[in-house]
Every structure is written in structure tokens, then in C-alpha cells.
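Since the structure comes first, as C-alpha cells, the remarks are kept for the end.
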Amino acid sequence: MTEVIGTRTTSPASTTSPDVAAAAAQFLSPVVIELQALAVNGKQAHWHVRGSNFIGVHELLDTVVDHAQEYADTAAERVVALGLPIDARIQTVAEKTGTTAMPAGFQKSDTMIQAIIGQIDVALAVVNKAVTELGEIDPSSQDVAIEIARGLDKDRWFLFAHISE
Ligand SMILES: [Fe+2]
């Protein structure tokens, strides 16, 4: 794939076919959007949660935020590694996220946990779609989505255990 032009050597941005890169961008971009939204709303919940179990929920929400940022980075860098850009500007995230509104201000922990579980479920929908759609097209991109799905399922469980009977 590397071409020598005169004395200059040029390499393509990626050796992956443009169709494969486009599919990875198509299905991983919504994943990045929802994970960035989860990170922002997770911090909102981290700062405003209240209740007798405050410290545990406060710290768990920060872990959820850390994971969301880490997963967003993994998904975004997969697309960029294939030679395509990601649009995760704050305006784009706000326009495209499917998340439901977060409650404003201080809230009891059950309310905050429900809100963040709702945000995780929105993210899981696009992550699971990426897992389904990318398997035939690009197993490496599918693997990124699978890893994220597994992590979000676990964070959802840790949150849900606080509010289940
Ligand atoms: Fe903090």
C-alpha cells in the first residue's frame, strides 16, 4: 500500500478498506456520543446525589464516569485508527444523544441511580447494535463494542443493586 513518489514515501491513513472504515464510524460514532453524554450526566449525579448511602453512591458514580470516558476513548480511537474523524463536539453530543433529561439539582440516590441507569440503557442500545452490525464487517471494531457492552452491563449491575429489592 505504501507508494514511493519521487524521493517521498507516502502511506495511506489506514490499510483498512474505506467501506470497512465507514461502517466502523457509522456504528461506533453513536457509541462515543452516548458515552460522552453518560460521562457528563454521571458527573452531574456524582455532585448532587444525597441520602444515607451518600459516599458509596457518590464514589460509584465517579467510577461509572471514569469507565464511560475510557470506553469513549477506545471507541473513538478505533475509528480514528481507521482514518476517519469523530464528531464529539459538545454541540453534537447534545444534538444527537438519545438520553432522557437528568433531574436538576440535589436528588435522593434512588432518583440519581435511576437516571444514570436510563443513560446507560441508551448507551447499551447503540453499543449492542454495534456488536450485532459489525461482526460481519470488522471483527476488530466489533471487539471494541463487545468490551464496552460487558463493562456497561457490570456498571449497570452495580448501580441497580442499590435500588433492587
Ligand atoms: Fe468528585
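Residue numbering restarts at 1 for every chain of the C-alpha cells, chains are lettered A, B, ... in their displayed order, and ligands are numbered from 1 as they appear.
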Selection within 12 Å of ligand 1 by only C-alpha atoms and all ligand atoms, output as a PyMOL selection string: chain A and resi 42-49+55+57-66
Which range 61-99 of chain A residues have any atom within 10 Å of an atom of range 142-153 of chain A, and for each, what is the nearest pair of atoms with distance in Å to one decimal, counting only C-alpha atoms, rows sorted by chain and number, as CSV?
residue,atom,partner,partner_atom,distance
A:Val64,CA,A:Leu152,CA,8.4
A:His67,CA,A:Gly151,CA,7.8
A:Ala68,CA,A:Leu152,CA,8.2
A:Glu70,CA,A:Ile148,CA,9.4
A:Tyr71,CA,A:Ile148,CA,6.0
A:Ala72,CA,A:Ile148,CA,8.8
A:Thr74,CA,A:Val144,CA,7.1
A:Ala75,CA,A:Val144,CA,6.5
A:Arg78,CA,A:Val144,CA,7.8
In range 49-105 of chain A, DSSP helix (DSSP H, G or I) residues written as an NGL selection string: :A and (54-81 or 90-96)
Counting only C-alpha atoms, what is within 12 Å of Thr92 in chain A, bar same-chain residues fewer than 2 positions away, as an mmCIF file with N, CA and C atoms, in the first residue's frame?
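Final output, saved to result.cif:
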data_model
loop_
_atom_site.group_PDB
_atom_site.id
_atom_site.type_symbol
_atom_site.label_atom_id
_atom_site.label_comp_id
_atom_site.auth_asym_id
_atom_site.auth_seq_id
_atom_site.Cartn_x
_atom_site.Cartn_y
_atom_site.Cartn_z
ATOM 1 N N SER A 29 -19.606 5.742 16.162
ATOM 2 C CA SER A 29 -19.818 7.165 16.488
ATOM 3 C C SER A 29 -20.969 7.359 17.484
ATOM 4 N N PRO A 30 -22.115 6.696 17.291
ATOM 5 C CA PRO A 30 -23.182 6.851 18.300
ATOM 6 C C PRO A 30 -22.761 6.345 19.681
ATOM 7 N N VAL A 32 -19.710 6.622 20.932
ATOM 8 C CA VAL A 32 -18.916 7.720 21.513
ATOM 9 C C VAL A 32 -19.846 8.813 22.042
ATOM 10 N N ILE A 33 -20.851 9.168 21.249
ATOM 11 C CA ILE A 33 -21.801 10.217 21.651
ATOM 12 C C ILE A 33 -22.474 9.860 22.986
ATOM 13 N N GLU A 34 -22.995 8.639 23.091
ATOM 14 C CA GLU A 34 -23.743 8.267 24.306
ATOM 15 C C GLU A 34 -22.824 8.110 25.509
ATOM 16 N N GLN A 36 -20.035 9.863 25.996
ATOM 17 C CA GLN A 36 -19.693 11.224 26.416
ATOM 18 C C GLN A 36 -20.865 11.838 27.199
ATOM 19 N N ALA A 37 -22.081 11.581 26.742
ATOM 20 C CA ALA A 37 -23.260 12.076 27.465
ATOM 21 C C ALA A 37 -23.335 11.424 28.850
ATOM 22 N N ILE A 86 -14.006 11.684 14.184
ATOM 23 C CA ILE A 86 -15.162 11.546 15.078
ATOM 24 C C ILE A 86 -15.649 12.955 15.385
ATOM 25 N N ASP A 87 -16.961 13.143 15.400
ATOM 26 C CA ASP A 87 -17.513 14.429 15.826
ATOM 27 C C ASP A 87 -18.139 14.247 17.202
ATOM 28 N N ALA A 88 -17.377 14.596 18.219
ATOM 29 C CA ALA A 88 -17.887 14.506 19.601
ATOM 30 C C ALA A 88 -17.817 15.878 20.260
ATOM 31 N N ARG A 89 -18.001 16.929 19.415
ATOM 32 C CA ARG A 89 -18.086 18.261 19.990
ATOM 33 C C ARG A 89 -19.326 18.327 20.870
ATOM 34 N N ILE A 90 -19.281 19.194 21.878
ATOM 35 C CA ILE A 90 -20.370 19.220 22.866
ATOM 36 C C ILE A 90 -21.720 19.501 22.208
ATOM 37 N N ALA A 94 -24.902 16.979 22.381
ATOM 38 C CA ALA A 94 -26.206 17.446 22.874
ATOM 39 C C ALA A 94 -27.316 17.214 21.842
ATOM 40 N N GLU A 95 -26.985 17.413 20.558
ATOM 41 C CA GLU A 95 -27.989 17.237 19.498
ATOM 42 C C GLU A 95 -28.332 15.769 19.276
ATOM 43 N N LYS A 96 -27.333 14.907 19.356
ATOM 44 C CA LYS A 96 -27.531 13.526 18.909
ATOM 45 C C LYS A 96 -27.839 12.529 20.020
ATOM 46 N N THR A 97 -27.557 12.860 21.267
ATOM 47 C CA THR A 97 -27.793 11.871 22.313
ATOM 48 C C THR A 97 -29.278 11.538 22.430
ATOM 49 N N GLY A 98 -29.556 10.288 22.702
ATOM 50 C CA GLY A 98 -30.936 9.849 22.903
ATOM 51 C C GLY A 98 -31.304 9.795 24.371
#
All strand (DSSP E) residues (DSSP, backbone) inside chain A, as a list in words: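 In chain A, DSSP puts these residues in strand (DSSP E): Glu3, Val4, Ile5, Arg8, Thr9, Thr10, Val49, Arg50, Gln107 and Lys108 of chain A.
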Pick from A:Ala13, A:Leu28, A:Val79, A:Arg156, whichever lies nearest to Gln114 in chain A using only C-alpha atoms: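 The shortest atom-to-atom distance to Gln114 in chain A comes from A:Arg156.
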Residue nearest Asn41 in chain A among A:Thr132, A:Ser141, A:Gln107, A:Thr99 (counting only C-alpha atoms): A:Thr99
Test item: residues at most 10 Å from Ala101 in chain A, only C-alpha atoms, excluding those fewer than 6 positions along its chain, as a VMD selection string: chain A and resid 41 115 118 to 119
Just-selected residues, C-alpha atoms written as a compact mmCIF listing (two decimals), in the first residue's frame:
# COMPACT_ATOMS: atom_id res chain seq x y z
CA ASN A 41 -24.57 13.32 33.32
CA ALA A 115 -31.45 8.46 35.85
CA GLY A 118 -31.53 5.17 31.98
CA GLN A 119 -28.47 6.83 30.44
For Ala123 in chain A: contacts at 8 Å, only C-alpha atoms, fewer than 2 positions along chain excluded, given as a list in words: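 Near Ala123 in chain A, the qualifying residues are Val31, Glu34, Leu35, Leu38, Gln119, Ile120, Asp121, Ala125, Val126 and Val127 of chain A.
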Interatomic distance, CA of Ser140 in chain A to CA of Ala24 in chain A (Å, one decimal):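 Between CA of Ser140 in chain A and CA of Ala24 in chain A the gap works out to 9.4 Å.
Comparing A:Ile116, A:Val122, A:Ala21, A:Leu82 by their smallest distance to Pro103 in chain A, the closest is A:Ile116 (using only C-alpha atoms).
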Using only C-alpha atoms: which of A:Gln69, A:Asp155, A:Leu124, A:Ala81 has the shortest distance to Val40 in chain A: A:Gln69
Atom pair CA of Ser164 in chain A / CA of Phe106 in chain A: separation (Å): 21.6 Å
